[in-house]
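Shown here: run_33.cif, mmCIF, C-alpha atoms.
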data_run
loop_
_atom_site.label_atom_id
_atom_site.label_comp_id
_atom_site.auth_asym_id
_atom_site.auth_seq_id
_atom_site.Cartn_x
_atom_site.Cartn_y
_atom_site.Cartn_z
CA MET A 23 -43.21 11.37 24.50
CA SER A 24 -40.57 9.20 26.19
CA THR A 25 -42.97 6.25 26.06
CA LEU A 26 -43.39 6.68 22.31
CA LEU A 27 -39.66 6.88 21.80
CA ASN A 28 -39.16 3.61 23.65
CA LEU A 29 -41.61 1.71 21.43
CA PRO A 30 -39.91 -0.74 19.04
CA ALA A 31 -39.98 0.42 15.42
CA ARG A 32 -42.18 -1.66 13.15
CA ALA A 33 -40.09 -3.80 10.81
CA VAL A 34 -40.37 -2.98 7.13
CA LEU A 35 -39.66 -5.31 4.24
CA PRO A 36 -36.50 -4.26 2.42
CA ARG A 37 -36.90 -2.83 -1.06
CA ARG A 38 -34.72 -5.60 -2.49
CA SER A 39 -37.19 -8.20 -1.20
CA ARG A 40 -40.13 -6.45 -2.85
CA VAL A 41 -38.28 -6.03 -6.15
CA GLY A 42 -37.37 -9.73 -6.14
CA ALA A 43 -41.01 -10.61 -5.45
CA ALA A 44 -42.15 -8.42 -8.35
CA LEU A 45 -39.68 -10.12 -10.70
CA ARG A 46 -40.81 -13.57 -9.59
CA ARG A 47 -44.43 -12.59 -10.01
CA GLY A 48 -43.76 -11.36 -13.54
CA LEU A 49 -41.83 -14.52 -14.38
CA TRP A 50 -44.50 -16.95 -13.21
CA TRP A 51 -47.37 -14.86 -14.58
CA GLY A 52 -45.64 -15.01 -17.96
CA VAL A 53 -45.02 -18.75 -17.76
CA LEU A 54 -48.60 -19.52 -16.72
CA SER A 55 -49.97 -17.17 -19.38
CA ILE A 56 -48.18 -19.24 -22.01
CA THR A 57 -49.41 -22.54 -20.54
CA GLY A 58 -53.07 -21.51 -20.39
CA GLY A 59 -53.46 -18.39 -18.29
CA VAL A 60 -53.83 -17.48 -14.63
CA GLU A 61 -56.80 -15.77 -13.00
CA ARG A 62 -57.11 -14.36 -9.49
CA ARG A 63 -60.11 -13.49 -7.35
CA GLY A 64 -59.72 -11.57 -4.10
CA ARG A 65 -56.74 -9.87 -2.46
CA LEU A 66 -54.55 -10.39 0.57
CA PRO A 67 -55.20 -8.10 3.57
CA ARG A 68 -52.75 -5.35 4.43
CA GLY A 69 -49.82 -6.46 6.53
CA GLY A 70 -48.36 -9.88 7.11
CA CYS A 71 -50.41 -13.07 6.91
CA VAL A 72 -50.06 -16.83 6.71
CA VAL A 73 -51.54 -18.18 3.48
CA VAL A 74 -52.85 -21.75 3.59
CA ALA A 75 -53.82 -23.45 0.32
CA ASN A 76 -54.71 -26.81 -1.15
CA HIS A 77 -51.81 -28.68 -2.75
CA SER A 78 -52.13 -31.06 -5.71
CA SER A 79 -49.26 -30.04 -7.99
CA HIS A 80 -45.80 -28.48 -8.05
CA ALA A 81 -47.47 -25.78 -10.17
CA ASP A 82 -49.34 -24.55 -7.07
CA THR A 83 -46.24 -22.61 -6.04
CA ALA A 84 -46.03 -20.89 -9.43
CA ALA A 85 -49.75 -20.09 -9.29
CA LEU A 86 -49.46 -18.41 -5.89
CA LEU A 87 -46.31 -16.48 -6.79
CA ALA A 88 -48.09 -15.19 -9.91
CA ALA A 89 -51.31 -14.32 -8.09
CA LEU A 90 -50.21 -12.85 -4.75
CA ASP A 91 -49.24 -9.19 -4.43
CA ALA A 92 -45.53 -8.47 -4.70
CA ARG A 93 -45.77 -5.93 -1.85
CA HIS A 94 -46.28 -8.91 0.48
CA SER A 95 -43.07 -10.51 -0.87
CA PRO A 96 -44.52 -14.02 -0.46
CA ALA A 97 -42.20 -16.74 0.85
CA ILE A 98 -43.03 -20.41 0.23
CA GLY A 99 -42.47 -23.14 2.80
CA ALA A 100 -40.79 -26.04 0.97
CA ALA A 101 -39.95 -29.58 2.03
CA ALA A 102 -36.32 -29.53 3.18
CA ASP A 103 -35.76 -33.20 2.32
CA TYR A 104 -36.74 -32.58 -1.32
CA TRP A 105 -36.17 -28.97 -2.38
CA PHE A 106 -33.07 -28.43 -0.24
CA ALA A 107 -31.53 -31.87 -0.70
CA SER A 108 -29.01 -30.71 -3.30
CA PRO A 109 -27.29 -27.38 -4.08
CA TRP A 110 -28.99 -26.87 -7.46
CA ARG A 111 -32.48 -27.57 -6.09
CA ARG A 112 -31.80 -25.24 -3.18
CA ARG A 113 -30.75 -22.44 -5.53
CA ILE A 114 -33.79 -22.95 -7.75
CA CYS A 115 -36.14 -22.98 -4.78
CA ARG A 116 -34.69 -19.87 -3.14
CA ARG A 117 -34.30 -17.74 -6.28
CA LEU A 118 -37.37 -18.70 -8.28
CA ALA A 119 -39.82 -19.40 -5.45
CA ALA A 120 -38.44 -17.49 -2.43
CA GLY A 121 -38.56 -20.86 -0.68
CA PHE A 122 -37.41 -21.57 2.85
CA PRO A 123 -36.82 -25.09 4.20
CA VAL A 124 -39.30 -26.86 6.47
CA ARG A 125 -38.23 -30.24 7.84
CA ARG A 126 -40.87 -32.95 7.62
CA GLY A 127 -39.11 -35.50 9.83
CA GLY A 128 -38.81 -33.41 13.00
CA GLY A 129 -37.88 -29.79 13.66
CA GLY A 130 -40.40 -28.35 11.21
CA MET A 131 -42.06 -26.18 13.86
CA GLU A 132 -38.75 -24.51 14.66
CA ASP A 133 -38.25 -23.81 10.94
CA LEU A 134 -41.66 -22.18 10.71
CA LEU A 135 -41.22 -20.01 13.78
CA THR A 136 -38.11 -18.42 12.26
CA MET A 137 -40.51 -16.65 9.88
CA ALA A 138 -42.43 -14.84 12.66
CA GLY A 139 -40.33 -11.68 12.28
CA GLU A 140 -40.90 -11.66 8.52
CA LEU A 141 -44.65 -11.88 9.12
CA ARG A 142 -44.59 -8.94 11.53
CA ALA A 143 -42.74 -6.96 8.86
CA GLY A 144 -45.65 -7.45 6.46
CA ARG A 145 -44.58 -10.53 4.54
CA ALA A 146 -46.93 -13.30 3.40
CA VAL A 147 -45.76 -16.81 4.29
CA VAL A 148 -47.34 -19.48 2.10
CA LEU A 149 -47.76 -22.97 3.50
CA PHE A 150 -49.46 -26.13 2.29
CA PRO A 151 -50.75 -27.56 5.59
CA GLU A 152 -51.42 -31.00 4.07
CA GLY A 153 -47.64 -31.48 3.96
CA THR A 154 -47.67 -33.19 0.56
CA ARG A 155 -49.48 -33.15 -2.78
CA ALA A 156 -52.90 -34.78 -2.88
CA GLN A 157 -53.34 -37.69 -5.28
CA ASP A 158 -57.02 -37.42 -6.21
CA GLY A 159 -57.76 -33.76 -5.58
CA ALA A 160 -59.32 -34.42 -2.16
CA LEU A 161 -57.79 -32.35 0.64
CA GLY A 162 -56.11 -34.22 3.46
CA SER A 163 -56.03 -33.16 7.10
CA PHE A 164 -54.22 -29.93 7.99
CA HIS A 165 -51.21 -29.86 10.31
CA ARG A 166 -51.12 -27.20 13.03
CA GLY A 167 -47.80 -25.60 12.09
CA ALA A 168 -49.22 -22.80 9.95
CA LEU A 169 -51.72 -21.84 12.64
CA VAL A 170 -49.12 -21.88 15.42
CA LEU A 171 -46.92 -19.60 13.32
CA ALA A 172 -49.80 -17.16 12.69
CA GLU A 173 -50.64 -17.04 16.41
CA GLU A 174 -46.99 -16.51 17.37
CA ALA A 175 -46.65 -13.60 14.90
CA GLY A 176 -50.10 -12.19 15.64
CA VAL A 177 -51.21 -12.20 12.00
CA PRO A 178 -54.34 -13.60 10.31
CA VAL A 179 -54.62 -16.86 8.38
CA VAL A 180 -55.78 -16.42 4.77
CA PRO A 181 -57.34 -19.45 3.03
CA VAL A 182 -56.73 -19.82 -0.71
CA GLY A 183 -58.30 -22.22 -3.20
CA ILE A 184 -56.31 -23.23 -6.29
CA ALA A 185 -57.91 -24.90 -9.31
CA GLY A 186 -56.42 -26.07 -12.60
CA THR A 187 -52.88 -26.92 -11.47
CA ASP A 188 -53.75 -30.61 -11.17
CA ARG A 189 -54.54 -30.56 -14.88
CA LEU A 190 -51.61 -28.30 -15.81
CA LEU A 191 -48.99 -30.44 -14.07
CA PRO A 192 -50.46 -33.61 -12.51
CA LYS A 193 -48.56 -35.45 -9.83
CA HIS A 194 -46.10 -37.72 -11.69
CA GLY A 195 -47.60 -36.41 -14.97
CA ARG A 196 -46.53 -34.21 -17.89
CA LEU A 197 -47.02 -30.48 -18.39
CA ARG A 198 -50.03 -29.54 -20.54
CA SER A 199 -52.13 -26.48 -21.23
CA ALA A 200 -54.69 -25.45 -18.59
CA LEU A 201 -56.14 -22.30 -17.08
CA VAL A 202 -55.15 -21.83 -13.43
CA ARG A 203 -57.51 -20.00 -11.08
CA VAL A 204 -56.66 -18.72 -7.61
CA THR A 205 -59.34 -17.55 -5.17
CA ILE A 206 -58.25 -15.67 -2.04
CA GLY A 207 -60.69 -15.90 0.84
CA GLU A 208 -61.47 -13.69 3.83
CA PRO A 209 -58.84 -13.62 6.62
CA LEU A 210 -59.38 -15.95 9.55
CA PRO A 211 -58.23 -15.21 13.12
CA SER A 212 -54.90 -16.71 14.16
CA ALA A 213 -56.71 -18.81 16.78
CA VAL A 214 -58.61 -20.76 14.07
CA THR A 215 -58.53 -24.56 14.35
CA PRO A 216 -56.99 -26.81 11.67
CA GLU A 217 -60.45 -28.14 10.84
CA GLN A 218 -61.87 -24.64 10.35
CA ALA A 219 -58.94 -23.62 8.15
CA ARG A 220 -59.30 -26.78 6.11
CA ASP A 221 -63.06 -26.25 5.67
CA ALA A 222 -62.43 -22.71 4.42
CA VAL A 223 -59.87 -23.91 1.86
CA VAL A 224 -62.17 -26.76 0.76
CA ALA A 225 -65.03 -24.33 0.22
CA LEU A 226 -62.85 -21.97 -1.84
CA HIS A 227 -61.40 -24.82 -3.89
CA THR A 228 -64.84 -26.32 -4.57
CA ARG A 229 -66.26 -22.95 -5.57
CA THR A 230 -63.32 -22.19 -7.85
CA VAL A 231 -63.51 -25.56 -9.60
CA ALA A 232 -67.29 -25.31 -10.07
CA GLU A 233 -67.26 -21.74 -11.36
CA PRO A 234 -67.80 -21.91 -15.13
CA LEU A 235 -65.27 -20.21 -17.38
CA ARG A 236 -66.96 -17.36 -19.19
CA ASP A 237 -66.71 -17.99 -22.90
CA SER A 238 -68.00 -16.70 -26.21
CA ALA A 239 -70.55 -18.70 -28.18
CA THR A 240 -68.82 -17.56 -31.36
CA ARG A 241 -65.47 -18.90 -30.12
CA ARG A 242 -67.04 -22.24 -29.24
CA ARG A 243 -68.51 -22.54 -32.74
CA VAL A 244 -65.16 -21.68 -34.34
CA ALA A 245 -63.42 -24.18 -32.06
CA ALA A 246 -65.93 -26.89 -33.05
CA VAL A 247 -65.15 -26.35 -36.75
CA VAL A 248 -61.39 -26.37 -36.12
CA ALA A 249 -61.63 -29.59 -34.10
CA SER A 250 -63.77 -31.29 -36.75
CA ARG A 251 -62.53 -33.08 -39.86
CA TRP A 252 -63.12 -29.84 -41.80
CA GLY A 253 -60.59 -27.72 -39.88
CA VAL A 254 -57.36 -28.43 -41.76
CA PRO A 255 -59.10 -28.75 -45.18
CA LEU A 256 -60.61 -25.31 -44.58
CA ALA A 257 -57.15 -23.80 -44.00
CA PHE A 258 -55.79 -25.63 -47.07
CA CYS A 259 -58.62 -24.50 -49.37
CA TRP A 260 -58.51 -20.89 -48.15
CA ALA A 261 -54.77 -20.62 -48.78
CA PHE A 262 -55.04 -22.54 -52.09
CA ALA A 263 -57.71 -20.14 -53.34
CA GLU A 264 -55.73 -17.09 -52.20
CA ALA A 265 -52.68 -18.25 -54.13
CA LEU A 266 -54.84 -18.27 -57.28
CA SER A 267 -57.35 -15.42 -57.02
CA TRP A 268 -59.11 -15.13 -53.61
CA PRO A 269 -58.32 -11.67 -52.15
CA LEU A 270 -58.22 -12.55 -48.41
CA MET A 271 -54.88 -13.82 -47.09
CA PRO A 272 -54.79 -17.07 -45.09
CA GLU A 273 -53.27 -15.11 -42.20
CA LEU A 274 -56.74 -13.66 -41.61
CA LEU A 275 -58.10 -17.16 -41.09
CA LEU A 276 -55.16 -18.05 -38.83
CA GLY A 277 -55.80 -14.93 -36.80
CA ALA A 278 -59.31 -16.15 -36.11
CA VAL A 279 -58.76 -19.86 -35.51
CA CYS A 280 -55.39 -19.83 -33.70
CA VAL A 281 -56.69 -17.41 -31.08
CA ALA A 282 -59.84 -19.48 -30.66
CA VAL A 283 -57.94 -22.80 -30.37
CA PRO A 284 -54.23 -22.17 -29.69
CA ARG A 285 -53.37 -25.87 -29.52
CA ALA A 286 -54.51 -26.27 -33.15
CA ALA A 287 -52.21 -23.51 -34.41
CA LEU A 288 -49.49 -25.76 -35.79
CA LYS A 289 -51.76 -28.08 -37.78
CA MET A 290 -53.84 -25.19 -39.12
CA SER A 291 -50.68 -23.29 -40.10
CA LEU A 292 -49.25 -26.34 -41.83
CA GLY A 293 -52.56 -26.85 -43.65
CA ALA A 294 -52.50 -23.24 -44.84
CA LEU A 295 -48.86 -23.57 -45.90
CA ALA A 296 -49.64 -26.69 -47.95
CA GLY A 297 -52.55 -24.88 -49.60
CA SER A 298 -50.36 -21.88 -50.46
CA LEU A 299 -47.69 -24.06 -52.05
CA ALA A 300 -50.20 -26.12 -54.02
CA GLY A 301 -52.05 -23.00 -55.19
CA GLY A 302 -48.83 -21.22 -56.09
CA LEU A 303 -47.69 -24.21 -58.13
CA LEU A 304 -50.98 -24.29 -60.02
CA ALA A 305 -50.85 -20.51 -60.55
CA LEU A 306 -47.38 -20.88 -62.07
CA HIS A 307 -48.55 -23.62 -64.47
CA LEU A 308 -51.68 -21.71 -65.52
CA ALA A 309 -49.75 -18.50 -66.15
CA SER A 310 -47.08 -20.30 -68.17
CA ALA A 311 -49.93 -21.74 -70.28
CA GLY A 312 -51.32 -18.26 -70.92
CA VAL A 313 -54.28 -18.46 -68.53
CA HIS A 314 -54.99 -15.15 -66.75
CA LEU A 315 -56.94 -15.51 -63.51
CA PRO A 316 -58.74 -12.58 -61.85
CA ALA A 317 -56.52 -10.89 -59.26
CA PRO A 318 -58.68 -8.49 -57.22
CA LEU A 319 -57.00 -5.93 -54.96
CA THR A 320 -53.74 -6.03 -56.92
CA THR A 321 -52.20 -3.27 -59.04
CA ASP A 322 -50.07 -2.92 -62.18
CA ARG A 323 -47.28 -1.48 -60.04
CA MET A 324 -47.24 -4.67 -57.94
CA ARG A 325 -46.89 -6.80 -61.06
CA ALA A 326 -44.15 -4.55 -62.44
CA GLU A 327 -42.19 -4.77 -59.19
CA VAL A 328 -42.44 -8.57 -59.13
CA ARG A 329 -41.31 -8.84 -62.76
CA HIS A 330 -38.30 -6.67 -61.91
CA GLU A 331 -37.42 -8.81 -58.86
CA LEU A 332 -37.79 -12.07 -60.81
CA ALA A 333 -35.55 -10.76 -63.58
CA LEU A 334 -32.84 -9.94 -61.04
CA GLU A 335 -33.16 -12.85 -58.57
CA GLY A 336 -35.15 -15.59 -60.24
CA ALA A 337 -37.23 -17.80 -57.97
CA SER A 338 -35.57 -16.42 -54.83
CA ALA A 339 -37.37 -13.11 -55.43
CA VAL A 340 -40.37 -14.61 -53.64
CA ARG A 341 -38.47 -14.11 -50.36
CA HIS A 342 -39.61 -10.46 -50.49
CA GLN A 343 -43.28 -11.45 -50.50
CA PRO A 344 -43.82 -11.89 -46.75
CA TRP A 345 -42.78 -8.30 -46.07
CA ASN A 346 -43.64 -6.08 -49.04
CA GLY A 347 -47.44 -6.46 -49.05
CA ILE A 348 -47.66 -7.88 -52.58
CA PRO A 349 -50.00 -10.92 -52.62
CA PHE A 350 -48.50 -14.35 -53.20
CA LYS A 351 -50.74 -14.89 -56.24
CA VAL A 352 -48.92 -12.07 -58.06
CA TYR A 353 -45.59 -13.83 -57.54
CA GLY A 354 -47.03 -17.17 -58.69
CA ALA A 355 -48.54 -15.75 -61.86
CA GLU A 356 -45.49 -13.65 -62.78
CA ALA A 357 -43.15 -16.58 -62.07
CA GLY A 358 -45.15 -18.64 -64.56
CA ARG A 359 -44.93 -15.94 -67.20
CA ALA A 360 -41.18 -15.64 -66.57
CA GLU A 361 -40.86 -19.43 -66.96
CA VAL A 362 -39.20 -19.90 -63.57
CA PRO A 363 -38.24 -23.60 -63.11
CA VAL A 364 -40.76 -25.48 -60.98
CA PRO A 365 -38.22 -27.01 -58.51
CA ASP A 366 -36.61 -23.62 -57.90
CA TRP A 367 -40.01 -22.01 -57.40
CA LEU A 368 -41.23 -24.71 -55.03
CA THR A 369 -38.11 -24.52 -52.86
CA ALA A 370 -38.06 -20.72 -52.68
CA SER A 371 -41.80 -20.33 -52.08
CA ALA A 372 -41.75 -23.04 -49.36
CA ALA A 373 -39.11 -21.09 -47.46
CA ALA A 374 -40.84 -17.72 -47.93
CA ARG A 375 -44.39 -18.85 -47.21
CA GLY A 376 -43.30 -21.22 -44.47
CA SER A 377 -41.51 -18.51 -42.51
CA ARG A 378 -44.51 -16.19 -42.70
CA THR A 379 -47.35 -18.65 -42.24
CA LEU A 380 -45.83 -20.53 -39.29
CA THR A 381 -44.66 -17.33 -37.58
CA VAL A 382 -48.08 -15.72 -37.89
CA GLY A 383 -49.94 -18.85 -36.77
CA LEU A 384 -47.77 -19.41 -33.71
CA ALA A 385 -47.84 -15.71 -32.82
CA PHE A 386 -51.64 -15.72 -32.85
CA ALA A 387 -51.60 -18.92 -30.77
CA GLY A 388 -49.42 -17.20 -28.18
CA PHE A 389 -51.83 -14.28 -28.12
CA GLY A 390 -54.71 -16.71 -27.71
CA LEU A 391 -53.03 -18.26 -24.68
CA LEU A 392 -52.42 -14.85 -23.14
CA MET A 393 -56.05 -13.88 -23.68
CA ARG A 394 -57.53 -17.21 -22.63
CA ARG A 395 -59.27 -15.80 -19.57
CA HIS A 396 -60.90 -13.13 -21.80
CA ARG A 397 -62.54 -15.62 -24.16
CA ARG A 398 -65.90 -13.99 -23.61
CA HIS A 399 -64.64 -11.06 -25.73
CA TYR A 400 -63.78 -13.24 -28.73
CA GLY A 401 -66.58 -11.72 -30.83
CA ARG A 402 -65.16 -8.23 -30.27
CA TYR A 403 -61.72 -9.54 -31.12
CA LEU A 404 -63.01 -10.87 -34.46
CA ALA A 405 -64.53 -7.49 -35.24
CA LEU A 406 -61.23 -5.73 -34.46
CA LEU A 407 -59.30 -8.32 -36.47
CA GLY A 408 -61.56 -7.86 -39.50
CA GLY A 409 -61.48 -4.08 -39.23
CA GLY A 410 -57.71 -3.99 -38.82
CA PHE A 411 -57.22 -6.35 -41.73
CA ALA A 412 -59.49 -4.29 -43.97
CA ALA A 413 -57.72 -1.07 -43.04
CA GLY A 414 -54.29 -2.61 -43.57
CA LEU A 415 -55.28 -4.08 -46.92
CA ALA A 416 -56.65 -0.71 -48.07
CA LEU A 417 -53.40 1.00 -47.11
CA ILE A 418 -51.30 -1.60 -48.94
CA VAL A 419 -53.34 -1.40 -52.13
CA HIS A 420 -53.28 2.40 -51.97
CA GLY A 421 -49.52 2.39 -51.43
CA TRP A 422 -48.99 0.20 -54.51
CA ALA A 423 -51.52 2.03 -56.68
#
Could you rewrite the structure in this file as structure tokens?
Amino acid sequence: MSTLLNLPARAVLPRRSRVGAALRRGLWWGVLSITGGVERRGRLPRGGCVVVANHSSHADTAALLAALDARHSPAIGAAADYWFASPWRRRICRRLAAGFPVRRGGGGMEDLLTMAGELRAGRAVVLFPEGTRAQDGALGSFHRGALVLAEEAGVPVVPVGIAGTDRLLPKHGRLRSALVRVTIGEPLPSAVTPEQARDAVVALHTRTVAEPLRDSATRRRVAAVVASRWGVPLAFCWAFAEALSWPLMPELLLGAVCVAVPRAALKMSLGALAGSLAGGLLALHLASAGVHLPAPLTTDRMRAEVRHELALEGASAVRHQPWNGIPFKVYGAEAGRAEVPVPDWLTASAAARGSRTLTVGLAFAGFGLLMRRHRRHYGRYLALLGGGFAAGLALIVHGWA
């Protein structure tokens, strides 16, 4: 019993450290979800470990913080001469990346060995053994520091392959949309050589890059139409027809195409907005000339409500349209019968339709980015979108009956 009492207590990571790691993970997962998504394969072993990964972009740090378990409270080794060269960089590195300084011009081994106690407490220390970002994606030689630290702390070395960050944020390049994938390999013993660790990371990186992204054939066909010369005209014609008589709102089309191709959301939304305004203008002229177009899925109560609003507010009554469920074509036709001035109508309908169409399009684009790694389920998504739209439309028509 006395022997057991004399044993040193195993260090435990403080709760504050784990909470901070969870917040950082949520932050970077959210950021990468917006910029194209992040996907992880594999898990870290229990207890502390030294993570070694390929390094081609500043986004590698964000990818690892988003992918690694918060219970390991990962800390990132960062170049002291760059990330700790000024107070604001130091604060950013410590708070957003849990970074600690590693000198590259001498003394770096001493900096690394200060993390041995953290490793024994169960923390993951992330290092990029190449020492700098690769230019062409090819991994350079590994320095021994990470392996010496793992041996000193008595913890395994975990190889990790990162793919997609070189496209997301190229060295000396601009941020763009890309899916980031992180593959965590099997732990290696602390006595592993730099060459063996490098080979393990190369194999994981190569496998991750080569692994095809599972996709839906339906999504690819929709994306091909959107990317073609027919994409924007399709959005324009759909919205133009809906403003006259067509019963399906352009938001249904945006829900399909903006999730399939998020980067096309703005142009498709603007195309739909232009079609709505052009169709609404024509609907106003036709109604003022006494032409009555078919208006399926509308009710007399809808028309009565719009006439009442126009009598009270004039053209600005159309501002209610995005939220009350009454189709835009009803407002266009009733505005024509009420002889609303064309300039007033165009201004008011541009504001009303613009706020709704652009908000819906960009919201679906954001959802598409979040769901990018689940593209293979796009067909199911379309079925749910169609079913939800049909149910919602039925409820609206019933409510205004």
Pick out the residues sitting within 8 Å of segment 256-273 of chain A, and hand them over as a ChimeraX atom specification; count only C-alpha atoms, and ignore anything fewer than 2 positions along from it in its own chain.
/A:252-254,275-277,290-291,293-302,304-305,315-319,349-351,354,379,382-383
Distance atom CA of Ala339 of chain A-atom CA of Thr321 of chain A, one decimal place?
18.2 Å
Quick one: residues within 12 Å of Arg402 of chain A, only C-alpha atoms counted, chain neighbours fewer than 6 positions away excluded, as a compact mmCIF listing (two decimals) with C-alpha atoms, in the coordinates of the input?
# COMPACT_ATOMS: atom_id res chain seq x y z
CA SER A 238 -68.00 -16.70 -26.21
CA ALA A 239 -70.55 -18.70 -28.18
CA THR A 240 -68.82 -17.56 -31.36
CA ARG A 241 -65.47 -18.90 -30.12
CA ALA A 278 -59.31 -16.15 -36.11
CA HIS A 396 -60.90 -13.13 -21.80
CA GLY A 408 -61.56 -7.86 -39.50
CA GLY A 409 -61.48 -4.08 -39.23
Could you pull the residues within 10 Å of Pro211 of chain A, counting only C-alpha atoms, minus those fewer than 4 positions along the same chain, as a PyMOL selection string?
chain A and resi 169+172-173+176-180+215+219
Might you spell out which residues the PyMOL selection byres ((chain A and resi 388) around 9) would select in the displayed file, as a PyMOL selection string?
chain A and resi 55-56+280-281+284+383-387+389-393
Run through the PyMOL selection byres ((chain A and resi 307) around 10) on the given coordinates and return the selected residues as a list of chain:residue names.
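Evaluating the PyMOL selection byres ((chain A and resi 307) around 10) on this file yields A:Gly301, A:Gly302, A:Leu303, A:Leu304, A:Ala305, A:Leu306, A:Leu308, A:Ala309, A:Ser310, A:Ala311, A:Gly312, A:Val313, A:Gly354, A:Ala355, A:Ala357, A:Gly358, A:Arg359, A:Glu361, A:Val364.
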Can you tell me how far atom CA of Val72 of chain A sits from atom CA of Leu141 of chain A, in Å to one decimal?
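Between these atoms lies a distance of 7.7 Å.
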Between atom CA of Glu61 of chain A and atom CA of Thr83 of chain A - distance in Å to one decimal:
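A separation of 14.4 Å between them.
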Of the candidates A:Val147, A:Leu404, A:Met137, A:Leu415, which one gets nearest to Val244 of chain A if we count only C-alpha atoms?
A:Leu404
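Remark: for Ile418 of chain A, the closest of the candidate residues A:Gln343, A:Ser39, A:Thr205, A:Thr320 is A:Thr320 (distances computed over all atoms listed in the file).
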Could you tell me which residues the PyMOL selection byres ((chain A and resi 199-201) around 9) returns for this structure, as a ChimeraX atom specification?
/A:54-61,185-187,189-191,197-198,202-203,285,391,394-395
Within 12 Å of Ile98 of chain A using all atoms listed in the file, minus same-chain residues under 2 positions, as JSON, numbers by chain:
{"A": [43, 72, 73, 74, 75, 80, 82, 83, 84, 85, 86, 87, 90, 94, 95, 96, 100, 101, 102, 105, 115, 116, 117, 118, 119, 120, 121, 122, 123, 124, 134, 137, 145, 146, 147, 148, 149, 150, 151, 168]}
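Nearest to Arg325 of chain A of all the residues A:Leu368, A:Val340, A:Val223, A:Val352 is A:Val352, based on all atoms listed in the file.
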Distance criterion (all atoms listed in the file): nearest to Arg236 of chain A out of A:Leu274, A:Ala372, A:Ala286, A:Arg398:
A:Arg398
Residue nearest His194 of chain A - candidates A:Arg68, A:Pro181, A:Glu327, A:Ser78, atoms counted: only C-alpha atoms
A:Ser78
When distances are computed from all atoms listed in the file, which of A:Arg142, A:Ser108, A:Gly195, A:Gly64 shows the smallest separation from Leu226 of chain A?
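Ranked by minimum distance to Leu226 of chain A, first place goes to A:Gly64.
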Which residues come within 9 Å of Leu45 of chain A, counting all atoms listed in the file, excluding same-chain residues fewer than 5 positions away, as a VMD selection string?
chain A and resid 40 50 92
